[in-house]
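Colleague: See entry.pdb below, with PDB, C-alpha atoms.
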```
MODEL        1
ATOM      1  CA  MET B   1      -0.979 -14.746  -0.817  1.00  0.00           C
ATOM      2  CA  ALA B   2      -0.845 -11.051  -1.582  1.00  0.00           C
ATOM      3  CA  LYS B   3       0.825  -9.954   1.659  1.00  0.00           C
ATOM      4  CA  TRP B   4       2.891 -12.457   3.600  1.00  0.00           C
ATOM      5  CA  ARG B   5       2.718 -12.444   7.411  1.00  0.00           C
ATOM      6  CA  ASN B   6       4.420 -14.453  10.138  1.00  0.00           C
ATOM      7  CA  GLY B   7       2.380 -17.470  11.109  1.00  0.00           C
ATOM      8  CA  LYS B   8       1.594 -21.092  10.457  1.00  0.00           C
ATOM      9  CA  GLY B   9      -0.042 -22.772   7.531  1.00  0.00           C
ATOM     10  CA  THR B  10       0.091 -25.770   5.245  1.00  0.00           C
ATOM     11  CA  LEU B  11       2.217 -26.470   2.211  1.00  0.00           C
ATOM     12  CA  THR B  12       1.229 -28.769  -0.647  1.00  0.00           C
ATOM     13  CA  VAL B  13       3.222 -29.909  -3.649  1.00  0.00           C
ATOM     14  CA  GLN B  14       1.314 -29.935  -6.932  1.00  0.00           C
ATOM     15  CA  GLY B  15       0.150 -33.448  -7.768  1.00  0.00           C
ATOM     16  CA  ARG B  16       0.376 -34.664  -4.165  1.00  0.00           C
ATOM     17  CA  ASN B  17      -2.284 -34.751  -1.450  1.00  0.00           C
ATOM     18  CA  GLU B  18       0.009 -34.507   1.569  1.00  0.00           C
ATOM     19  CA  ALA B  19      -0.443 -31.329   3.656  1.00  0.00           C
ATOM     20  CA  ILE B  20       2.897 -30.313   5.171  1.00  0.00           C
ATOM     21  CA  PRO B  21       2.949 -27.964   8.169  1.00  0.00           C
ATOM     22  CA  VAL B  22       4.778 -24.728   7.346  1.00  0.00           C
ATOM     23  CA  GLU B  23       5.876 -21.756   9.407  1.00  0.00           C
ATOM     24  CA  ILE B  24       6.020 -18.430   7.577  1.00  0.00           C
ATOM     25  CA  ALA B  25       8.791 -15.958   8.432  1.00  0.00           C
ATOM     26  CA  ALA B  26       7.944 -12.634   6.798  1.00  0.00           C
ATOM     27  CA  SER B  27       9.140 -10.008   9.287  1.00  0.00           C
ATOM     28  CA  TYR B  28      12.770  -8.935   9.505  1.00  0.00           C
ATOM     29  CA  GLY B  29      13.212 -10.545  12.936  1.00  0.00           C
ATOM     30  CA  ALA B  30      11.599 -13.848  11.965  1.00  0.00           C
ATOM     31  CA  ARG B  31      13.607 -14.052   8.721  1.00  0.00           C
ATOM     32  CA  ARG B  32      16.852 -13.254  10.543  1.00  0.00           C
ATOM     33  CA  ARG B  33      16.185 -15.887  13.229  1.00  0.00           C
ATOM     34  CA  GLY B  34      15.114 -18.622  10.797  1.00  0.00           C
ATOM     35  CA  LEU B  35      15.960 -22.041  12.251  1.00  0.00           C
ATOM     36  CA  LEU B  36      18.760 -20.807  14.526  1.00  0.00           C
ATOM     37  CA  GLY B  37      18.663 -22.280  18.017  1.00  0.00           C
ATOM     38  CA  ARG B  38      16.460 -25.220  17.030  1.00  0.00           C
ATOM     39  CA  ASP B  39      17.283 -28.908  17.071  1.00  0.00           C
ATOM     40  CA  GLY B  40      14.916 -29.654  14.183  1.00  0.00           C
ATOM     41  CA  ILE B  41      11.661 -28.617  12.547  1.00  0.00           C
ATOM     42  CA  GLU B  42       8.351 -30.367  12.063  1.00  0.00           C
ATOM     43  CA  GLY B  43       7.501 -29.581   8.449  1.00  0.00           C
ATOM     44  CA  ALA B  44       9.105 -26.557   6.811  1.00  0.00           C
ATOM     45  CA  LEU B  45       9.934 -22.871   7.200  1.00  0.00           C
ATOM     46  CA  LEU B  46       9.087 -20.427   4.392  1.00  0.00           C
ATOM     47  CA  ILE B  47      11.260 -17.304   4.472  1.00  0.00           C
ATOM     48  CA  THR B  48       9.917 -14.395   2.435  1.00  0.00           C
ATOM     49  CA  PRO B  49      11.286 -12.335   0.826  1.00  0.00           C
ATOM     50  CA  CYS B  50      14.597 -14.182   0.616  1.00  0.00           C
ATOM     51  CA  ASN B  51      17.036 -15.350  -2.066  1.00  0.00           C
ATOM     52  CA  SER B  52      19.999 -16.632  -0.009  1.00  0.00           C
ATOM     53  CA  VAL B  53      20.568 -18.410   3.310  1.00  0.00           C
ATOM     54  CA  HIS B  54      23.427 -19.559   5.519  1.00  0.00           C
ATOM     55  CA  THR B  55      23.763 -22.330   8.088  1.00  0.00           C
ATOM     56  CA  PHE B  56      26.229 -20.724  10.491  1.00  0.00           C
ATOM     57  CA  ARG B  57      25.417 -21.726  14.109  1.00  0.00           C
ATOM     58  CA  MET B  58      22.845 -24.271  12.862  1.00  0.00           C
ATOM     59  CA  ARG B  59      22.578 -27.565  14.733  1.00  0.00           C
ATOM     60  CA  PHE B  60      21.495 -29.781  11.827  1.00  0.00           C
ATOM     61  CA  ALA B  61      21.719 -30.118   8.044  1.00  0.00           C
ATOM     62  CA  ILE B  62      18.854 -28.646   6.039  1.00  0.00           C
ATOM     63  CA  ASP B  63      17.259 -28.859   2.622  1.00  0.00           C
ATOM     64  CA  VAL B  64      16.822 -25.461   0.964  1.00  0.00           C
ATOM     65  CA  ALA B  65      14.394 -24.882  -1.914  1.00  0.00           C
ATOM     66  CA  TYR B  66      14.616 -21.596  -3.788  1.00  0.00           C
ATOM     67  CA  LEU B  67      11.185 -20.487  -5.049  1.00  0.00           C
ATOM     68  CA  ASN B  68      10.184 -17.860  -7.591  1.00  0.00           C
ATOM     69  CA  ARG B  69       7.234 -15.453  -7.194  1.00  0.00           C
ATOM     70  CA  LYS B  70       4.799 -18.124  -8.422  1.00  0.00           C
ATOM     71  CA  LEU B  71       6.099 -20.589  -5.785  1.00  0.00           C
ATOM     72  CA  GLU B  72       7.751 -22.736  -8.431  1.00  0.00           C
ATOM     73  CA  VAL B  73      10.920 -24.482  -7.273  1.00  0.00           C
ATOM     74  CA  VAL B  74      13.996 -23.017  -8.993  1.00  0.00           C
ATOM     75  CA  ALA B  75      16.609 -25.143  -7.178  1.00  0.00           C
ATOM     76  CA  VAL B  76      17.000 -27.474  -4.177  1.00  0.00           C
ATOM     77  CA  LYS B  77      20.200 -27.820  -2.155  1.00  0.00           C
ATOM     78  CA  THR B  78      21.195 -29.695   0.995  1.00  0.00           C
ATOM     79  CA  MET B  79      23.385 -27.607   3.301  1.00  0.00           C
ATOM     80  CA  LYS B  80      25.469 -28.783   6.244  1.00  0.00           C
ATOM     81  CA  PRO B  81      25.934 -26.489   9.266  1.00  0.00           C
ATOM     82  CA  GLY B  82      28.511 -23.721   8.820  1.00  0.00           C
ATOM     83  CA  ARG B  83      27.907 -23.061   5.108  1.00  0.00           C
ATOM     84  CA  MET B  84      27.041 -19.966   3.082  1.00  0.00           C
ATOM     85  CA  GLY B  85      24.519 -20.478   0.295  1.00  0.00           C
ATOM     86  CA  ARG B  86      24.739 -18.765  -3.074  1.00  0.00           C
ATOM     87  CA  ILE B  87      22.353 -15.989  -3.992  1.00  0.00           C
ATOM     88  CA  SER B  88      19.647 -17.092  -6.421  1.00  0.00           C
ATOM     89  CA  LEU B  89      18.654 -14.138  -8.586  1.00  0.00           C
ATOM     90  CA  ARG B  90      15.508 -15.966  -9.724  1.00  0.00           C
ATOM     91  CA  ALA B  91      14.323 -16.686  -6.159  1.00  0.00           C
ATOM     92  CA  ARG B  92      11.838 -14.613  -4.181  1.00  0.00           C
ATOM     93  CA  HIS B  93      11.274 -17.091  -1.325  1.00  0.00           C
ATOM     94  CA  VAL B  94      13.254 -19.843   0.397  1.00  0.00           C
ATOM     95  CA  LEU B  95      11.794 -22.998   1.925  1.00  0.00           C
ATOM     96  CA  GLU B  96      13.841 -24.815   4.587  1.00  0.00           C
ATOM     97  CA  SER B  97      13.348 -28.256   6.123  1.00  0.00           C
ATOM     98  CA  GLU B  98      15.389 -31.002   7.734  1.00  0.00           C
ATOM     99  CA  ALA B  99      17.762 -32.674   5.258  1.00  0.00           C
ATOM    100  CA  GLY B 100      16.004 -35.383   3.252  1.00  0.00           C
ATOM    101  CA  ALA B 101      12.462 -34.123   3.800  1.00  0.00           C
ATOM    102  CA  MET B 102      12.060 -32.348   0.474  1.00  0.00           C
ATOM    103  CA  ALA B 103      12.887 -35.426  -1.581  1.00  0.00           C
ATOM    104  CA  ALA B 104      10.232 -37.341   0.365  1.00  0.00           C
ATOM    105  CA  TRP B 105       7.678 -34.564  -0.308  1.00  0.00           C
ATOM    106  CA  GLY B 106       8.474 -34.373  -4.042  1.00  0.00           C
ATOM    107  CA  VAL B 107       9.973 -30.866  -3.843  1.00  0.00           C
ATOM    108  CA  ARG B 108      12.329 -30.642  -6.826  1.00  0.00           C
ATOM    109  CA  PRO B 109      13.107 -28.091  -9.555  1.00  0.00           C
ATOM    110  CA  GLY B 110       9.991 -27.326 -11.593  1.00  0.00           C
ATOM    111  CA  ALA B 111       7.537 -28.395  -8.871  1.00  0.00           C
ATOM    112  CA  ARG B 112       4.843 -25.897  -7.994  1.00  0.00           C
ATOM    113  CA  LEU B 113       3.920 -25.326  -4.347  1.00  0.00           C
ATOM    114  CA  THR B 114       0.820 -23.934  -2.649  1.00  0.00           C
ATOM    115  CA  VAL B 115       0.861 -22.300   0.776  1.00  0.00           C
ATOM    116  CA  GLU B 116      -2.315 -21.698   2.739  1.00  0.00           C
ATOM    117  CA  GLY B 117      -2.465 -20.150   6.134  1.00  0.00           C
TER
ENDMDL
END
```
Before we go any further, please render this structure as structure tokens.
Modeller:
Amino acid sequence: MAKWRNGKGTLTVQGRNEAIPVEIAASYGARRRGLLGRDGIEGALLITPCNSVHTFRMRFAIDVAYLNRKLEVVAVKTMKPGRMGRISLRARHVLESEAGAMAAWGVRPGARLTVEG
């Protein structure tokens, strides 16, 4: 995608056929809101541009994947509510999901992702 916009789409992990629903948060307001106020998420949330997240006032633990410009996974972390994540200088985007989902999808360092939407 040349220009990211708020919306919905699908996420795929290279080498897998599963299409994962993804919400895209590209505006300042959508990025700032993220998953706050939710009890969960069906699929994932892609925050762009972004290289750090926090889980203050979150209601559930999340998996966080840091992605570079080519949508390659740089790192994956699981964060409990009330935590501050480190800044990833190599990351351009962050993908968030409910804790445990990324392992099931095969999202791990080195994996390449595709987002359509």
Colleague: For a quick check of your reading of the model, name the residues lying within 12 Å of the coordinate (9.0, -35.8, 1.8), counting all atoms listed in the file, and write them as JSON, numbers by chain.
Modeller: {"B": [11, 12, 13, 16, 17, 18, 19, 20, 21, 42, 43, 44, 63, 97, 98, 99, 100, 101, 102, 103, 104, 105, 106, 107, 108]}
Colleague: Show me, as an NGL selection string, the residues that have an atom within 10 Å of Ser52 of chain B when counting all atoms listed in the file, minus same-chain residues fewer than 6 positions from it.
Modeller: :B and (64 or 66 or 84-89 or 91-94)
Colleague: Extract, using all atoms listed in the file, all DNA, RNA and protein residues at most 7 Å from Leu46 of chain B, discarding same-chain residues fewer than 5 positions from it, and format them as an NGL selection string.
Modeller: :B and (22-25 or 93-96)
Colleague: Would you compute the distance between atom CA of Arg5 of chain B and atom CA of Ala26 of chain B? Give it in Å to one decimal.
Modeller: 5.3 Å
Colleague: Measuring atom to atom with only C-alpha atoms, identify which of B:Thr48, B:Arg32, B:Met58, B:Asp39 is nearest to Gly7 of chain B.
Modeller: B:Thr48
Colleague: Atom CA of Leu36 of chain B and atom CA of Thr114 of chain B, how far apart in Å?
Modeller: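 These atoms are spaced 25.0 Å apart.
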Colleague: Enclose the full set of atoms of segment 92-105 of chain B listed in the file within a box whose edges lie along x, y and z, apply 6 Å of padding to each of the six sides, and report centre and edge lengths in Å to one decimal as AutoDock Vina command-line options.
Modeller:
```
--center_x 12.7 --center_y -26.0 --center_z 1.8 --size_x 22.1 --size_y 34.7 --size_z 23.9
```
Colleague: Give me the residues near Arg90 of chain B as a PyMOL selection string, where near means some atom within 9 Å (using all atoms listed in the file) and where sequence neighbours in that chain fewer than 3 positions away do not count.
Modeller: chain B and resi 51+66-69+74+87
Colleague: Quick one: which residues end up in the PyMOL selection byres ((chain B and resi 112) around 8) for this structure, as a ChimeraX atom specification?
Modeller: /B:13-14,70-73,110-111,113-114
Colleague: Just to confirm, what's the straight-line distance from atom CA of Arg31 of chain B to atom CA of Ile62 of chain B in Å (one decimal)?
Modeller: 15.7 Å
Colleague: I need the residue nearest Val53 of chain B from this list: B:Gly29, B:Gly15, B:Gly82, B:Gly9. Use all atoms listed in the file for the distance.
Modeller: B:Gly82
Colleague: Which residue gives the smallest distance to Pro49 of chain B among B:Met79, B:Trp4, B:Ala65, B:Pro109, with only C-alpha atoms counted?
Modeller: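 Nearest to Pro49 of chain B: B:Trp4.
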Colleague: Name every residue that the PyMOL selection byres ((chain B and resi 59) around 9) selects in this structure, writing the answer as a ChimeraX atom specification with chains first and numbers rising.
Modeller: /B:35-40,55-58,60-61,81
Colleague: When distances are computed from all atoms listed in the file, which of B:His54, B:Tyr28, B:Val76, B:Leu45 shows the smallest separation from Lys8 of chain B?
Modeller: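 Of all the options, B:Leu45 lies closest to Lys8 of chain B.
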